[in-house]
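> The file below is run-v1.cif, mmCIF, C-alpha atoms and all ligand atoms:
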```cif
data_work
loop_
_atom_site.label_atom_id
_atom_site.label_comp_id
_atom_site.auth_asym_id
_atom_site.auth_seq_id
_atom_site.Cartn_x
_atom_site.Cartn_y
_atom_site.Cartn_z
CA MET A 1 -19.09 2.06 11.18
CA SER A 2 -20.75 0.99 7.94
CA ALA A 3 -18.85 -0.93 5.31
CA ALA A 4 -17.79 0.67 2.03
CA ILE A 5 -16.89 -2.76 0.70
CA ASP A 6 -18.14 -6.07 2.05
CA VAL A 7 -17.06 -9.31 0.43
CA ARG A 8 -17.94 -12.89 1.45
CA GLY A 9 -16.67 -15.99 -0.25
CA LEU A 10 -15.37 -14.35 -3.43
CA ARG A 11 -14.24 -16.92 -5.97
CA LYS A 12 -12.84 -16.61 -9.46
CA SER A 13 -11.23 -19.10 -11.80
CA TYR A 14 -9.77 -18.75 -15.26
CA GLY A 15 -10.41 -22.16 -16.81
CA GLU A 16 -8.72 -24.71 -14.56
CA LYS A 17 -6.83 -22.03 -12.67
CA LEU A 18 -8.34 -20.95 -9.35
CA VAL A 19 -7.33 -17.29 -8.94
CA LEU A 20 -9.41 -16.23 -5.91
CA ASP A 21 -10.29 -19.02 -3.51
CA GLY A 22 -13.04 -17.75 -1.22
CA ILE A 23 -12.01 -14.27 -0.07
CA ASP A 24 -13.70 -12.33 2.77
CA LEU A 25 -13.01 -8.61 3.04
CA ASN A 26 -14.54 -5.75 4.96
CA VAL A 27 -13.51 -2.17 4.34
CA ALA A 28 -14.92 0.49 6.68
CA GLU A 29 -16.07 3.79 5.19
CA GLY A 30 -13.52 6.60 5.24
CA THR A 31 -10.51 4.30 5.71
CA ILE A 32 -7.59 3.10 3.61
CA PHE A 33 -7.47 -0.62 2.94
CA SER A 34 -4.41 -2.13 1.34
CA LEU A 35 -4.27 -5.40 -0.53
CA LEU A 36 -0.71 -6.69 -0.60
CA GLY A 37 0.65 -9.76 -2.24
CA PRO A 38 3.36 -11.17 -4.46
CA ASN A 39 3.12 -11.11 -8.20
CA GLY A 40 0.28 -13.32 -9.46
CA ALA A 41 -1.48 -13.48 -6.06
CA GLY A 42 -4.78 -12.22 -7.53
CA LYS A 43 -4.77 -8.53 -6.51
CA THR A 44 -5.61 -7.11 -9.92
CA THR A 45 -8.33 -9.73 -10.41
CA ALA A 46 -9.88 -8.72 -7.07
CA VAL A 47 -9.85 -5.02 -8.03
CA GLN A 48 -11.30 -5.79 -11.46
CA ILE A 49 -14.17 -7.67 -9.84
CA LEU A 50 -14.87 -5.05 -7.15
CA SER A 51 -14.85 -2.28 -9.76
CA THR A 52 -17.32 -4.20 -11.99
CA LEU A 53 -14.86 -4.76 -14.87
CA ILE A 54 -15.17 -8.55 -14.68
CA THR A 55 -17.64 -10.82 -12.89
CA ALA A 56 -16.99 -13.18 -9.99
CA ASP A 57 -17.88 -16.89 -10.14
CA ALA A 58 -19.26 -16.82 -6.59
CA GLY A 59 -19.51 -14.61 -3.55
CA GLU A 60 -21.67 -11.97 -1.91
CA ILE A 61 -20.25 -8.58 -2.72
CA ARG A 62 -21.53 -5.17 -1.68
CA VAL A 63 -19.79 -1.98 -2.74
CA ALA A 64 -21.01 1.41 -1.47
CA GLY A 65 -24.08 -0.39 -0.09
CA HIS A 66 -25.10 -1.86 -3.45
CA ASP A 67 -25.13 -5.49 -4.47
CA LEU A 68 -22.44 -5.75 -7.12
CA HIS A 69 -24.24 -8.41 -9.12
CA ALA A 70 -27.72 -6.85 -9.03
CA GLU A 71 -26.78 -3.15 -9.26
CA PRO A 72 -23.48 -2.74 -11.13
CA GLU A 73 -24.53 0.71 -12.43
CA ALA A 74 -25.08 2.03 -8.91
CA VAL A 75 -21.68 0.67 -7.89
CA ARG A 76 -20.04 2.29 -10.92
CA ALA A 77 -21.57 5.65 -10.04
CA ALA A 78 -20.01 5.50 -6.56
CA ILE A 79 -16.46 4.46 -7.44
CA GLY A 80 -13.37 5.77 -9.19
CA VAL A 81 -10.50 3.68 -10.51
CA THR A 82 -6.95 4.92 -11.00
CA GLY A 83 -4.89 2.31 -12.76
CA GLN A 84 -1.20 1.92 -13.31
CA PHE A 85 -1.73 2.80 -16.92
CA SER A 86 -3.04 6.25 -16.59
CA ALA A 87 -6.10 7.62 -18.36
CA VAL A 88 -4.22 10.85 -19.10
CA ASP A 89 -4.18 11.91 -22.77
CA GLY A 90 -0.67 13.24 -23.42
CA LEU A 91 -1.74 15.41 -26.34
CA LEU A 92 -4.20 17.42 -24.26
CA THR A 93 -3.25 19.91 -21.56
CA GLY A 94 -3.86 19.00 -17.93
CA ARG A 95 -6.83 21.32 -17.84
CA GLU A 96 -8.27 19.86 -21.07
CA ASN A 97 -7.91 16.35 -19.67
CA LEU A 98 -9.96 17.36 -16.63
CA ILE A 99 -12.59 19.12 -18.75
CA MET A 100 -12.84 16.09 -21.04
CA MET A 101 -13.52 13.96 -17.96
CA ALA A 102 -16.11 16.46 -16.72
CA ASP A 103 -17.81 16.22 -20.14
CA LEU A 104 -18.08 12.46 -19.70
CA TYR A 105 -20.00 13.17 -16.50
CA HIS A 106 -22.18 15.73 -18.34
CA LEU A 107 -21.23 18.48 -15.90
CA GLY A 108 -21.96 21.30 -18.36
CA ARG A 109 -19.42 23.79 -19.74
CA ARG A 110 -19.24 26.24 -16.91
CA GLU A 111 -19.28 23.64 -14.12
CA ALA A 112 -16.67 21.56 -16.00
CA ARG A 113 -14.25 24.51 -16.08
CA ARG A 114 -14.91 25.37 -12.46
CA ARG A 115 -14.27 21.77 -11.40
CA ALA A 116 -11.10 21.52 -13.53
CA ASP A 117 -9.66 24.71 -12.02
CA GLU A 118 -10.51 23.62 -8.50
CA LEU A 119 -8.77 20.27 -9.02
CA LEU A 120 -5.70 21.87 -10.63
CA GLU A 121 -5.40 24.06 -7.56
CA ARG A 122 -5.86 21.20 -5.12
CA PHE A 123 -3.31 18.98 -6.89
CA ASP A 124 -0.69 21.69 -7.25
CA LEU A 125 -1.02 21.77 -11.05
CA VAL A 126 -2.12 25.38 -11.63
CA GLU A 127 1.06 26.33 -13.52
CA ALA A 128 1.10 23.04 -15.40
CA GLY A 129 -2.60 23.31 -16.29
CA PRO A 130 -2.14 24.98 -19.72
CA LYS A 131 0.74 22.66 -20.74
CA THR A 132 0.33 19.40 -22.64
CA ALA A 133 0.36 16.42 -20.31
CA MET A 134 3.15 14.65 -22.20
CA THR A 135 5.55 17.29 -20.86
CA TYR A 136 4.62 16.37 -17.26
CA SER A 137 6.91 14.49 -14.88
CA GLY A 138 5.82 11.05 -13.60
CA GLY A 139 4.60 12.57 -10.34
CA MET A 140 2.58 15.27 -12.12
CA LYS A 141 0.97 12.68 -14.41
CA ARG A 142 -0.07 10.56 -11.43
CA ARG A 143 -1.52 13.63 -9.70
CA LEU A 144 -3.46 14.56 -12.84
CA ASP A 145 -4.67 10.97 -13.14
CA LEU A 146 -5.96 11.01 -9.58
CA ALA A 147 -7.54 14.44 -10.13
CA MET A 148 -9.36 13.02 -13.18
CA THR A 149 -10.72 10.20 -11.03
CA LEU A 150 -12.10 12.79 -8.61
CA VAL A 151 -14.09 14.67 -11.26
CA GLY A 152 -16.96 12.22 -10.76
CA ASP A 153 -16.89 12.73 -6.97
CA PRO A 154 -16.48 9.03 -6.11
CA ARG A 155 -17.07 7.78 -2.56
CA ILE A 156 -14.70 4.87 -3.05
CA ILE A 157 -11.43 4.99 -4.99
CA PHE A 158 -9.43 2.01 -6.20
CA LEU A 159 -5.76 2.90 -6.49
CA ASP A 160 -3.65 0.34 -8.30
CA GLU A 161 0.01 0.86 -7.39
CA PRO A 162 -0.32 4.67 -7.31
CA THR A 163 3.37 5.47 -6.72
CA THR A 164 5.25 2.68 -8.48
CA GLY A 165 8.20 4.24 -10.30
CA LEU A 166 7.97 7.64 -8.60
CA ASP A 167 10.90 9.33 -6.87
CA PRO A 168 10.65 9.61 -3.05
CA ARG A 169 9.53 13.24 -3.07
CA SER A 170 6.69 12.68 -5.55
CA ARG A 171 5.76 9.54 -3.65
CA HIS A 172 5.44 11.50 -0.41
CA SER A 173 3.33 14.20 -2.02
CA MET A 174 1.04 11.52 -3.47
CA TRP A 175 0.72 9.94 -0.02
CA GLN A 176 -0.26 13.31 1.40
CA LEU A 177 -2.96 13.74 -1.27
CA ILE A 178 -4.32 10.28 -0.49
CA ARG A 179 -4.46 11.10 3.24
CA GLU A 180 -6.33 14.32 2.46
CA LEU A 181 -8.87 12.43 0.37
CA VAL A 182 -9.56 10.07 3.22
CA ALA A 183 -9.78 12.94 5.71
CA GLY A 184 -12.56 14.22 3.43
CA GLY A 185 -14.49 10.95 3.90
CA VAL A 186 -13.45 9.01 0.80
CA THR A 187 -12.63 5.30 1.13
CA VAL A 188 -9.45 4.08 -0.58
CA PHE A 189 -8.78 0.53 -1.73
CA LEU A 190 -5.07 0.40 -2.46
CA THR A 191 -2.98 -2.30 -4.06
CA THR A 192 0.75 -1.90 -3.76
CA GLN A 193 4.04 -3.71 -4.04
CA ILE A 194 5.66 -1.11 -1.79
CA LEU A 195 5.34 -2.33 1.76
CA GLU A 196 6.29 1.05 3.22
CA GLU A 197 3.35 2.53 1.34
CA ALA A 198 0.91 0.17 3.03
CA ASP A 199 2.64 0.81 6.35
CA GLN A 200 2.38 4.59 5.91
CA LEU A 201 -1.18 4.75 4.62
CA ALA A 202 -3.30 1.75 5.44
CA ASP A 203 -5.69 1.39 8.36
CA GLN A 204 -6.10 -2.26 7.46
CA ILE A 205 -3.90 -4.55 5.38
CA ALA A 206 -4.74 -7.92 3.86
CA VAL A 207 -2.01 -10.13 2.43
CA LEU A 208 -3.08 -12.24 -0.54
CA ASP A 209 -1.10 -15.28 -1.61
CA HIS A 210 -2.15 -17.90 -4.17
CA GLY A 211 -5.72 -16.59 -4.13
CA ARG A 212 -6.14 -16.82 -0.34
CA LEU A 213 -5.87 -14.22 2.41
CA VAL A 214 -2.96 -15.35 4.54
CA ALA A 215 -2.95 -12.42 6.99
CA GLN A 216 -5.17 -9.48 7.82
CA GLY A 217 -4.99 -6.66 10.36
CA THR A 218 -3.63 -3.21 11.14
CA PRO A 219 0.04 -2.66 10.25
CA GLU A 220 0.85 -2.91 13.97
CA GLN A 221 -1.07 -6.18 14.39
CA LEU A 222 0.68 -7.68 11.39
CA LYS A 223 4.10 -6.68 12.70
CA ARG A 224 3.31 -8.44 15.96
CA LEU A 225 2.76 -11.65 13.99
CA VAL A 226 6.46 -11.99 13.36
CA PRO A 227 8.97 -12.24 16.17
CA GLY A 228 12.28 -11.12 14.71
CA GLY A 229 12.66 -8.02 16.93
CA HIS A 230 16.17 -7.88 18.27
CA ILE A 231 19.01 -5.72 19.48
CA ARG A 232 22.50 -6.04 18.08
CA LEU A 233 25.39 -5.42 20.44
CA ARG A 234 28.85 -5.05 18.95
CA PHE A 235 31.98 -5.33 21.03
CA THR A 236 35.60 -4.41 20.30
CA SER A 237 37.09 -6.68 22.93
CA PRO A 238 36.76 -10.49 22.52
CA GLU A 239 36.73 -10.85 26.34
CA ALA A 240 33.79 -8.47 26.71
CA PHE A 241 32.02 -10.33 23.88
CA THR A 242 32.48 -13.70 25.61
CA LEU A 243 31.43 -12.40 29.00
CA ALA A 244 28.35 -10.68 27.53
CA GLY A 245 27.41 -14.01 25.93
CA GLN A 246 27.38 -15.55 29.41
CA VAL A 247 25.37 -12.68 30.91
CA LEU A 248 22.82 -12.92 28.07
CA PRO A 249 22.25 -16.64 27.46
CA THR A 250 19.43 -16.06 24.93
CA ALA A 251 21.73 -14.04 22.65
CA VAL A 252 22.86 -15.46 19.33
CA PRO A 253 26.61 -14.85 18.97
CA ASN A 254 28.57 -14.07 15.82
CA HIS A 255 32.15 -14.82 16.80
CA GLU A 256 33.74 -13.28 13.73
CA SER A 257 32.16 -9.84 14.02
CA LEU A 258 31.90 -9.92 17.85
CA VAL A 259 28.20 -9.21 17.58
CA LEU A 260 25.48 -10.52 19.86
CA GLN A 261 21.92 -10.60 18.60
CA VAL A 262 19.57 -10.37 21.59
CA PRO A 263 15.84 -11.09 21.16
CA ASN A 264 14.07 -7.93 22.32
CA ASP A 265 10.89 -6.08 21.43
CA GLY A 266 12.80 -2.78 21.24
CA SER A 267 10.66 -1.02 23.88
CA VAL A 268 12.34 1.57 26.11
CA HIS A 269 11.67 -0.65 29.11
CA ALA A 270 13.34 -3.71 27.58
CA LEU A 271 16.24 -1.61 26.33
CA ARG A 272 16.84 -0.12 29.81
CA ALA A 273 16.78 -3.58 31.38
CA LEU A 274 19.33 -4.84 28.87
CA LEU A 275 21.68 -1.89 29.44
CA ALA A 276 21.36 -2.30 33.21
CA ARG A 277 22.54 -5.90 32.91
CA MET A 278 25.51 -4.76 30.85
CA ASP A 279 26.32 -2.10 33.49
CA ASP A 280 26.03 -4.59 36.35
CA ALA A 281 28.62 -6.79 34.64
CA SER A 282 30.79 -3.69 33.90
CA LEU A 283 30.61 -4.46 30.20
CA GLU A 284 31.43 -1.84 27.61
CA VAL A 285 29.22 -2.09 24.51
CA ASP A 286 30.79 -0.55 21.44
CA GLU A 287 27.66 -0.18 19.33
CA LEU A 288 23.97 -0.88 19.79
CA THR A 289 21.29 -1.08 17.11
CA VAL A 290 17.58 -1.86 17.49
CA HIS A 291 15.79 -3.88 14.84
CA THR A 292 11.98 -3.91 15.08
CA PRO A 293 10.13 -6.17 12.65
CA ASP A 294 8.69 -4.30 9.68
CA LEU A 295 6.17 -5.27 7.04
CA ASP A 296 8.96 -6.82 4.96
CA ASP A 297 9.41 -9.38 7.73
CA VAL A 298 5.66 -10.00 7.81
CA PHE A 299 5.49 -10.36 4.06
CA PHE A 300 8.32 -12.85 4.10
CA ALA A 301 6.83 -14.77 7.01
CA VAL A 302 3.35 -15.17 5.52
CA THR A 303 4.17 -15.62 1.83
CA GLY A 304 7.61 -17.20 2.05
CA GLN A 305 8.79 -14.68 -0.53
CA PRO A 306 11.24 -11.81 -0.24
CA THR A 307 9.83 -8.30 -0.49
CA ALA A 308 7.92 -7.53 -3.63
CA HIS A 309 10.30 -4.73 -4.68
CA GLU A 310 12.66 -7.34 -5.99
CA ASN A 311 9.90 -8.84 -8.10
CA THR A 312 8.94 -5.60 -9.82
CA ASP A 313 10.77 -6.35 -13.04
CA GLU A 314 9.32 -9.83 -13.13
CA LYS A 315 5.85 -8.36 -12.73
CA VAL A 316 6.28 -6.11 -15.75
CA THR A 317 7.56 -8.83 -18.01
CA SER A 318 5.07 -11.51 -16.96
CA LYS A 319 2.01 -9.44 -17.86
P1 LIG B 401 -1.62 -9.83 -9.19
O1 LIG B 401 -2.36 -8.60 -9.54
O2 LIG B 401 -1.65 -10.12 -7.71
O3 LIG B 401 -0.23 -9.87 -9.73
P2 LIG B 401 -3.48 -11.13 -11.00
O4 LIG B 401 -4.83 -10.91 -10.41
O5 LIG B 401 -3.06 -10.26 -12.12
O6 LIG B 401 -2.39 -11.09 -9.82
O7 LIG B 401 -3.34 -12.64 -11.49
C1 LIG B 401 -3.63 -13.77 -10.66
C2 LIG B 401 -3.52 -15.03 -11.47
O8 LIG B 401 -4.54 -15.09 -12.45
C3 LIG B 401 -2.22 -15.14 -12.25
O9 LIG B 401 -1.77 -16.48 -12.19
C4 LIG B 401 -2.61 -14.77 -13.66
O10 LIG B 401 -1.80 -15.43 -14.59
C5 LIG B 401 -4.04 -15.27 -13.75
N1 LIG B 401 -4.84 -14.45 -14.68
C6 LIG B 401 -5.12 -13.13 -14.56
N2 LIG B 401 -5.91 -12.69 -15.56
C7 LIG B 401 -6.13 -13.76 -16.37
C8 LIG B 401 -6.87 -13.96 -17.58
N3 LIG B 401 -7.54 -12.97 -18.19
N4 LIG B 401 -6.85 -15.21 -18.10
C9 LIG B 401 -6.20 -16.23 -17.52
N5 LIG B 401 -5.49 -16.11 -16.37
C10 LIG B 401 -5.44 -14.89 -15.80
#
```
Kindly return the structure encoded in the file as structure tokens.
Ligand code: ADP


Amino acid sequence: MSAAIDVRGLRKSYGEKLVLDGIDLNVAEGTIFSLLGPNGAGKTTAVQILSTLITADAGEIRVAGHDLHAEPEAVRAAIGVTGQFSAVDGLLTGRENLIMMADLYHLGRREARRRADELLERFDLVEAGPKTAMTYSGGMKRRLDLAMTLVGDPRIIFLDEPTTGLDPRSRHSMWQLIRELVAGGVTVFLTTQILEEADQLADQIAVLDHGRLVAQGTPEQLKRLVPGGHIRLRFTSPEAFTLAGQVLPTAVPNHESLVLQVPNDGSVHALRALLARMDDASLEVDELTVHTPDLDDVFFAVTGQPTAHENTDEKVTSK
């Protein structure tokens, strides 16, 4: 598969501060790539470089098959960028926003209207089309923003935190739109603070920390990096709890809550084996819960920081 984005040895400093310290990335065409990382890791800087807004200090970078340094115009023609701070003009209607964008691409009057109506339809904004964008909900504004990015028919789209601040329903409808884009052959480069978003959407994830890539792989590969999978067994009788502790010597006991935490990958096979051992010892388990590692565990393991959700406020104020 050919690469939509290929980066070798990307470096960027601001004065004394090294922001990107030799990054290698490869994004296959028609896939979703997610760049994750705590606040200040260098995500925005990376997107700004790849979308030609600022220049790198070093590195070989190809976007949509073009050398970023030698052919920035060709790169620009192939990409779309949807930022956190939307390009939507609140005083114009949704339809007017789209037509204004089409004008920037010199589509011509008739084609501009046709394109605007097609996008309103596709993004479930037909009814909202004649209304001014400032009356739109957060989810509608994000959809309009993404629709505006698509006016230029980009092959590669950079999405910077596309669902931050949206309610779960709007978030899910945005995810669906992103999946449809990719099904149509578009490549998506996504930055997000929402780990579930990367888990839901990304084919490949790279975790950036202090300007270096500290982990890279599919969501499943990354989850396998952290152990942490376990089963919790809760007992009502202290005798059963003690006996179970002897039957399962690898379990970590919590004497107060009568809970045993048993290392386990959560597979059906491993679960059956565990229950069979309980049965053999005639032990009654009161409650059983399976904990499989998720991306939060990965994030914590590779960056040493709790999940980025908790840093959201900090991110807003520090910028
Ligand atoms: P992220 O998007 O992961 O939060 P950024 O790419 O915004 O991270 O920032 C990475 C680091 O670079 C931060 O320490 C930030 O302060 C610094 N930085 C970003 N832009 C500039 C700039 N224009 N001048 C100086 N330092 C900057």

> Write out, as a tab-separated table, each residue of chain A that has an atom at most 6 Å from ligand LIG 401 (chain B), together with the closest pair of atoms and their distance in Å to one decimal, counting all atoms listed in the file, rows going by chain and rising number.


```
residue	atom	partner	partner_atom	distance
A:Tyr14	CA	B:LIG401	C9	4.9
A:Val19	CA	B:LIG401	O8	5.0
A:Gly37	CA	B:LIG401	O2	5.9
A:Asn39	CA	B:LIG401	O3	3.9
A:Gly40	CA	B:LIG401	O6	3.5
A:Ala41	CA	B:LIG401	O2	3.7
A:Gly42	CA	B:LIG401	O4	3.2
A:Lys43	CA	B:LIG401	O2	3.7
A:Thr44	CA	B:LIG401	O1	3.6
A:Thr45	CA	B:LIG401	O4	3.7
```

> I'd like to know which of A:Val63, A:Leu201, A:Val27, A:Val302 is closest to Glu180 in chain A, using all atoms listed in the file.

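Nearest to Glu180 in chain A: A:Leu201.
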
> Mind giving me the straight-line distance from CA of Ile194 in chain A to CA of Leu177 in chain A in Å, one decimal?

17.2 Å

> In file coordinates, which residues lie within 12 Å of (-5.6, 19.5, -18.9) using only C-alpha atoms, given as a PDB file with C-alpha atoms, keeping the file's coordinate frame?


```pdb
ATOM      1  CA  ALA A  87      -6.100   7.620 -18.360  1.00  0.00           C
ATOM      2  CA  VAL A  88      -4.220  10.850 -19.100  1.00  0.00           C
ATOM      3  CA  ASP A  89      -4.180  11.910 -22.770  1.00  0.00           C
ATOM      4  CA  GLY A  90      -0.670  13.240 -23.420  1.00  0.00           C
ATOM      5  CA  LEU A  91      -1.740  15.410 -26.340  1.00  0.00           C
ATOM      6  CA  LEU A  92      -4.200  17.420 -24.260  1.00  0.00           C
ATOM      7  CA  THR A  93      -3.250  19.910 -21.560  1.00  0.00           C
ATOM      8  CA  GLY A  94      -3.860  19.000 -17.930  1.00  0.00           C
ATOM      9  CA  ARG A  95      -6.830  21.320 -17.840  1.00  0.00           C
ATOM     10  CA  GLU A  96      -8.270  19.860 -21.070  1.00  0.00           C
ATOM     11  CA  ASN A  97      -7.910  16.350 -19.670  1.00  0.00           C
ATOM     12  CA  LEU A  98      -9.960  17.360 -16.630  1.00  0.00           C
ATOM     13  CA  ILE A  99     -12.590  19.120 -18.750  1.00  0.00           C
ATOM     14  CA  MET A 100     -12.840  16.090 -21.040  1.00  0.00           C
ATOM     15  CA  MET A 101     -13.520  13.960 -17.960  1.00  0.00           C
ATOM     16  CA  ALA A 102     -16.110  16.460 -16.720  1.00  0.00           C
ATOM     17  CA  ALA A 112     -16.670  21.560 -16.000  1.00  0.00           C
ATOM     18  CA  ARG A 113     -14.250  24.510 -16.080  1.00  0.00           C
ATOM     19  CA  ARG A 115     -14.270  21.770 -11.400  1.00  0.00           C
ATOM     20  CA  ALA A 116     -11.100  21.520 -13.530  1.00  0.00           C
ATOM     21  CA  ASP A 117      -9.660  24.710 -12.020  1.00  0.00           C
ATOM     22  CA  LEU A 119      -8.770  20.270  -9.020  1.00  0.00           C
ATOM     23  CA  LEU A 120      -5.700  21.870 -10.630  1.00  0.00           C
ATOM     24  CA  LEU A 125      -1.020  21.770 -11.050  1.00  0.00           C
ATOM     25  CA  VAL A 126      -2.120  25.380 -11.630  1.00  0.00           C
ATOM     26  CA  GLU A 127       1.060  26.330 -13.520  1.00  0.00           C
ATOM     27  CA  ALA A 128       1.100  23.040 -15.400  1.00  0.00           C
ATOM     28  CA  GLY A 129      -2.600  23.310 -16.290  1.00  0.00           C
ATOM     29  CA  PRO A 130      -2.140  24.980 -19.720  1.00  0.00           C
ATOM     30  CA  LYS A 131       0.740  22.660 -20.740  1.00  0.00           C
ATOM     31  CA  THR A 132       0.330  19.400 -22.640  1.00  0.00           C
ATOM     32  CA  ALA A 133       0.360  16.420 -20.310  1.00  0.00           C
ATOM     33  CA  MET A 134       3.150  14.650 -22.200  1.00  0.00           C
ATOM     34  CA  THR A 135       5.550  17.290 -20.860  1.00  0.00           C
ATOM     35  CA  TYR A 136       4.620  16.370 -17.260  1.00  0.00           C
ATOM     36  CA  MET A 140       2.580  15.270 -12.120  1.00  0.00           C
ATOM     37  CA  LYS A 141       0.970  12.680 -14.410  1.00  0.00           C
ATOM     38  CA  ARG A 143      -1.520  13.630  -9.700  1.00  0.00           C
ATOM     39  CA  LEU A 144      -3.460  14.560 -12.840  1.00  0.00           C
ATOM     40  CA  ASP A 145      -4.670  10.970 -13.140  1.00  0.00           C
ATOM     41  CA  ALA A 147      -7.540  14.440 -10.130  1.00  0.00           C
ATOM     42  CA  MET A 148      -9.360  13.020 -13.180  1.00  0.00           C
TER      43      MET A 148
END
```

> In Å, how far is it from CA of Thr191 in chain A to CA of Val47 in chain A?

8.4 Å

> I'd like the contact shell of range 164-171 of chain A - 8 Å cut-off, only C-alpha atoms, skipping same-chain residues fewer than 2 positions apart - returned as number ranges by chain.

A: 138-139, 161-162, 173-175, 192-194

> Near range 276-284 of chain A, within 8 Å and counting all atoms listed in the file, which residues show up once chain neighbours fewer than 3 positions away are dropped, as a list of chain:residue names?

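In the requested form, the answer reads A:Phe235, A:Ala240, A:Ala244, A:Val247, A:Arg272, A:Ala273.
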
> Record the distance separating CA of Ser257 in chain A and CA of Ile231 in chain A, expressed in Å with one decimal.

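These atoms are spaced 14.8 Å apart.
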
> Tell me which of A:Leu258, A:Leu295, A:Ala3, A:Val226 sits closest to Ala202 in chain A, counting all atoms listed in the file.

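Ranked by minimum distance to Ala202 in chain A, first place goes to A:Leu295.
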
> Tell me which of A:His269, A:Ala64, A:His255, A:Arg232 sits closest to His291 in chain A, counting only C-alpha atoms.

A:Arg232

> Need to verify the contact set: Gly22 in chain A, 8 Å, all atoms listed in the file, exclusion of same-chain residues closer than 4 positions in sequence. Can you return it as a VMD selection string?

chain A and resid 8 to 11 59 211 to 212

> Do a neighbour search on Leu288 in chain A at 12 Å with all atoms listed in the file, toss out local chain neighbours closer than 6 positions, and write the hits as a list in words.

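Final neighbour list, sorted by chain and number: His230, Ile231, Arg232, Leu233, Arg234, Phe235, Val259, Leu260, Gln261, Val262, Gly266, Leu271, Leu274, Leu275 and Met278 of chain A.
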
> Go through A:Gly229, A:Gly245, A:Pro253, A:Gly217 and flag the residue nearest Val290 in chain A, using all atoms listed in the file for the distances.

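The shortest atom-to-atom distance to Val290 in chain A comes from A:Gly229.
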
> Output as a tab-separated table one row per residue of range 91-193 of chain A within 12 Å of range 203-206 of chain A: the closest atom pair and its distance in Å to one decimal place, counting all atoms listed in the file, sorted by chain and residue number ascending.


```
residue	atom	partner	partner_atom	distance
A:Arg179	CA	A:Asp203	CA	11.0
A:Val182	CA	A:Asp203	CA	10.8
A:Thr187	CA	A:Asp203	CA	10.8
A:Val188	CA	A:Asp203	CA	10.1
A:Phe189	CA	A:Gln204	CA	10.0
A:Leu190	CA	A:Ile205	CA	9.3
A:Thr191	CA	A:Ile205	CA	9.7
A:Thr192	CA	A:Ile205	CA	10.6
```

> Take every atom of range 224-228 of chain A listed in the file, pad by 8 Å on each side, and give me the axis-aligned box centre and edge lengths in Å, one decimal, as JSON.


```
{"center_x": 7.5, "center_y": -10.3, "center_z": 14.8, "size_x": 25.5, "size_y": 19.8, "size_z": 18.8}
```

> Which of these, A:Asp57, A:Glu121, A:Asp153, A:Asp199, has the shortest distance to Gly185 in chain A once you count all atoms listed in the file?

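With all atoms listed in the file as the atom set, the closest residue is A:Asp153.
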
> With only C-alpha atoms as the atoms that count, which of A:Ser237, A:Ser2, A:Thr242, A:Thr292 lies nearest to Asn264 in chain A?

A:Thr292

> Only C-alpha atoms, please: range 4-28 of chain A from the block, as a PDB file, in the first residue's frame.


```pdb
ATOM      1  CA  ALA A   4      -0.195   9.083   2.184  1.00  0.00           C
ATOM      2  CA  ILE A   5       2.285  10.532   4.657  1.00  0.00           C
ATOM      3  CA  ASP A   6       5.895   9.484   5.079  1.00  0.00           C
ATOM      4  CA  VAL A   7       8.096  11.199   7.632  1.00  0.00           C
ATOM      5  CA  ARG A   8      11.741  10.452   8.516  1.00  0.00           C
ATOM      6  CA  GLY A   9      13.717  12.227  11.168  1.00  0.00           C
ATOM      7  CA  LEU A  10      11.388  15.194  11.667  1.00  0.00           C
ATOM      8  CA  ARG A  11      12.889  17.778  13.991  1.00  0.00           C
ATOM      9  CA  LYS A  12      11.649  21.125  15.222  1.00  0.00           C
ATOM     10  CA  SER A  13      12.884  23.470  17.916  1.00  0.00           C
ATOM     11  CA  TYR A  14      11.589  26.779  19.176  1.00  0.00           C
ATOM     12  CA  GLY A  15      14.744  28.569  20.302  1.00  0.00           C
ATOM     13  CA  GLU A  16      16.384  26.337  22.899  1.00  0.00           C
ATOM     14  CA  LYS A  17      13.304  24.153  23.210  1.00  0.00           C
ATOM     15  CA  LEU A  18      13.358  20.913  21.233  1.00  0.00           C
ATOM     16  CA  VAL A  19       9.706  20.215  20.369  1.00  0.00           C
ATOM     17  CA  LEU A  20      10.017  17.299  17.904  1.00  0.00           C
ATOM     18  CA  ASP A  21      13.091  15.144  18.360  1.00  0.00           C
ATOM     19  CA  GLY A  22      13.467  13.005  15.238  1.00  0.00           C
ATOM     20  CA  ILE A  23      10.030  11.583  14.450  1.00  0.00           C
ATOM     21  CA  ASP A  24       9.369   8.776  11.920  1.00  0.00           C
ATOM     22  CA  LEU A  25       5.796   8.236  10.749  1.00  0.00           C
ATOM     23  CA  ASN A  26       4.181   6.286   7.963  1.00  0.00           C
ATOM     24  CA  VAL A  27       0.490   6.615   7.196  1.00  0.00           C
ATOM     25  CA  ALA A  28      -0.981   4.248   4.598  1.00  0.00           C
TER      26      ALA A  28
END
```
